[in-house]
Amino acid sequence: LFKDTSVPSGLEKLVKLTGDAVIPVMLFSMGVNLSRVRGSSLAWGIAGSAVRLLGGTFSALIATALLDCDYFLRAILVVQSSLPSAIFNYVLCEQLGEEKEVAISVIMTSTFVFPLYFPALKTLVGYITA
């Protein structure tokens, strides 16, 4: 519908600059709040990371088996579903006034654990999809 519609160059530059600044601002905000994480939030973060990583892996394995996906698609979906939690979870918790510390803990622990989890995931995907 709007294929041939052009956007004024000033507005386009403004949107691009705003979009380029969003991720660094979110990372800075999360980094500032990371220093406020308590031990109880860290325990929830570890549990949440286990649910995120293992739950993502096994739900993707079940879904790809039910859909009878080929090897390449199955491997992509399993790895994509098993990635660490994203910073968007923190932003959403901050906007909704929910447990920001738990979200930060899940993001932090899942990011730290993923390099250790990935070799096992790679072996599992190779074993199941072969």
# chains A, B, ... in the order shown; residues from 1 in each chain; ligands from 1
>>> residues_around(residues="A:Ser41", least_positions_apart="2", cutoff="8 Å", atoms="only C-alpha atoms", output="count of residues only")
9
>>> closest_residue(among="A:Met30, A:Met108, A:Val7, A:Val22", to="A:Cys93", atoms="only C-alpha atoms")
A:Met30
>>> atom_distance(atom1="atom CA of A:Phe118", atom2="atom CA of A:Ser35")
27.0 Å
>>> residues_around(residues="A:Thr111", least_positions_apart="4", cutoff="8 Å", atoms="only C-alpha atoms", output="list of chain:residue names")
A:Pro84, A:Ser85, A:Ile107, A:Pro115
>>> residues_around(residues="stretch 120-124 of chain A", least_positions_apart="2", cutoff="9 Å", atoms="only C-alpha atoms", output="MDAnalysis selection string")
chainID A and resid 57 75 78:79 82 116:118 126:129
>>> write_last_selection(atoms="N, CA and C atoms", output="PDB file, in the first residue's frame")
ATOM      1  N   THR A  57      15.389 -25.737  24.421  1.00  0.00           N
ATOM      2  CA  THR A  57      15.951 -26.859  23.672  1.00  0.00           C
ATOM      3  C   THR A  57      14.914 -27.964  23.463  1.00  0.00           C
ATOM      4  N   ALA A  75      18.141 -28.065  13.215  1.00  0.00           N
ATOM      5  CA  ALA A  75      19.316 -27.548  13.912  1.00  0.00           C
ATOM      6  C   ALA A  75      19.174 -26.043  14.176  1.00  0.00           C
ATOM      7  N   VAL A  78      16.429 -25.415  16.939  1.00  0.00           N
ATOM      8  CA  VAL A  78      16.859 -25.833  18.276  1.00  0.00           C
ATOM      9  C   VAL A  78      17.871 -24.841  18.844  1.00  0.00           C
ATOM     10  N   VAL A  79      18.845 -24.440  18.042  1.00  0.00           N
ATOM     11  CA  VAL A  79      19.839 -23.482  18.537  1.00  0.00           C
ATOM     12  C   VAL A  79      19.188 -22.133  18.811  1.00  0.00           C
ATOM     13  N   SER A  82      17.328 -22.086  21.988  1.00  0.00           N
ATOM     14  CA  SER A  82      18.147 -22.330  23.171  1.00  0.00           C
ATOM     15  C   SER A  82      19.073 -21.171  23.509  1.00  0.00           C
ATOM     16  N   LEU A 116      29.157 -22.642  27.958  1.00  0.00           N
ATOM     17  CA  LEU A 116      29.365 -23.997  28.471  1.00  0.00           C
ATOM     18  C   LEU A 116      28.281 -24.952  27.962  1.00  0.00           C
ATOM     19  N   TYR A 117      27.100 -24.427  27.743  1.00  0.00           N
ATOM     20  CA  TYR A 117      25.953 -25.230  27.309  1.00  0.00           C
ATOM     21  C   TYR A 117      25.996 -25.524  25.808  1.00  0.00           C
ATOM     22  N   PHE A 118      26.566 -24.624  25.036  1.00  0.00           N
ATOM     23  CA  PHE A 118      26.528 -24.772  23.579  1.00  0.00           C
ATOM     24  C   PHE A 118      27.218 -26.034  23.057  1.00  0.00           C
ATOM     25  N   GLY A 126      23.414 -32.734  16.904  1.00  0.00           N
ATOM     26  CA  GLY A 126      24.036 -33.640  15.946  1.00  0.00           C
ATOM     27  C   GLY A 126      23.583 -35.080  16.116  1.00  0.00           C
ATOM     28  N   TYR A 127      23.395 -35.474  17.358  1.00  0.00           N
ATOM     29  CA  TYR A 127      22.972 -36.847  17.651  1.00  0.00           C
ATOM     30  C   TYR A 127      21.502 -37.068  17.248  1.00  0.00           C
ATOM     31  N   ILE A 128      20.651 -36.114  17.573  1.00  0.00           N
ATOM     32  CA  ILE A 128      19.217 -36.288  17.320  1.00  0.00           C
ATOM     33  C   ILE A 128      18.866 -36.085  15.853  1.00  0.00           C
ATOM     34  N   THR A 129      19.527 -35.149  15.202  1.00  0.00           N
ATOM     35  CA  THR A 129      19.165 -34.836  13.827  1.00  0.00           C
ATOM     36  C   THR A 129      19.884 -35.714  12.810  1.00  0.00           C
TER      37      THR A 129
END
>>> atom_distance(atom1="atom CA of A:Ile23", atom2="atom CA of A:Asn89")
12.9 Å
>>> select_by_dssp(residues="stretch 1-91 of chain A", states="helix (DSSP H, G or I)", output="ChimeraX atom specification")
/A:9-34,39-66,71-81,87-91
>>> closest_residue(among="A:Leu42, A:Leu54, A:Ile76, A:Ile62", to="A:Ala103", atoms="only C-alpha atoms")
A:Leu42
>>> residues_around(residues="stretch 31-33 of chain A", least_positions_apart="4", cutoff="10 Å", atoms="only C-alpha atoms", output="compact mmCIF listing (two decimals) with all heavy atoms, in the first residue's frame")
# COMPACT_ATOMS: atom_id res chain seq x y z
N VAL A 25 21.55 2.22 25.01
CA VAL A 25 20.88 2.79 26.18
C VAL A 25 20.31 1.67 27.05
O VAL A 25 20.41 1.71 28.28
CB VAL A 25 19.78 3.79 25.76
CG1 VAL A 25 18.90 4.17 26.93
CG2 VAL A 25 20.41 5.02 25.15
N MET A 26 19.71 0.64 26.44
CA MET A 26 19.18 -0.49 27.21
C MET A 26 20.32 -1.22 27.92
O MET A 26 20.18 -1.61 29.09
CB MET A 26 18.42 -1.45 26.30
CG MET A 26 17.08 -0.95 25.85
SD MET A 26 16.04 -2.18 25.06
CE MET A 26 17.00 -2.66 23.64
N LEU A 27 21.44 -1.43 27.24
CA LEU A 27 22.58 -2.11 27.88
C LEU A 27 23.14 -1.29 29.04
O LEU A 27 23.49 -1.84 30.08
CB LEU A 27 23.67 -2.37 26.84
CG LEU A 27 23.36 -3.47 25.83
CD1 LEU A 27 24.42 -3.48 24.73
CD2 LEU A 27 23.28 -4.81 26.51
N VAL A 37 21.70 -6.38 42.07
CA VAL A 37 21.17 -7.74 42.14
C VAL A 37 21.51 -8.35 43.50
O VAL A 37 22.65 -8.33 43.94
CB VAL A 37 21.74 -8.60 40.99
CG1 VAL A 37 21.33 -10.05 41.15
CG2 VAL A 37 21.27 -8.07 39.66
N LYS A 100 12.59 -6.52 38.10
CA LYS A 100 13.71 -6.22 37.21
C LYS A 100 14.96 -7.01 37.59
O LYS A 100 15.69 -7.46 36.72
CB LYS A 100 14.06 -4.73 37.25
CG LYS A 100 12.99 -3.82 36.76
CD LYS A 100 13.47 -2.38 36.75
CE LYS A 100 13.71 -1.93 38.17
NZ LYS A 100 13.97 -0.49 38.27
N GLU A 101 15.17 -7.17 38.89
CA GLU A 101 16.38 -7.86 39.35
C GLU A 101 16.40 -9.32 38.90
O GLU A 101 17.45 -9.85 38.57
CB GLU A 101 16.50 -7.78 40.88
CG GLU A 101 16.72 -6.38 41.41
CD GLU A 101 15.43 -5.59 41.55
OE1 GLU A 101 14.33 -6.20 41.53
OE2 GLU A 101 15.50 -4.36 41.66
N ILE A 104 17.23 -9.34 35.18
CA ILE A 104 18.66 -9.10 34.99
C ILE A 104 19.46 -10.35 35.35
O ILE A 104 20.40 -10.73 34.64
CB ILE A 104 19.13 -7.91 35.85
CG1 ILE A 104 18.53 -6.61 35.31
CG2 ILE A 104 20.64 -7.80 35.88
CD1 ILE A 104 18.75 -5.42 36.20
>>> atom_distance(atom1="atom CA of A:Ser81", atom2="atom CA of A:Ser59")
8.1 Å
>>> closest_residue(among="A:Leu11, A:Leu83, A:Val113, A:Leu96", to="A:Gly55", atoms="only C-alpha atoms")
A:Leu83
>>> closest_residue(among="A:Ser9, A:Gln95, A:Thr64, A:Ser49", to="A:Ser110", atoms="only C-alpha atoms")
A:Ser49
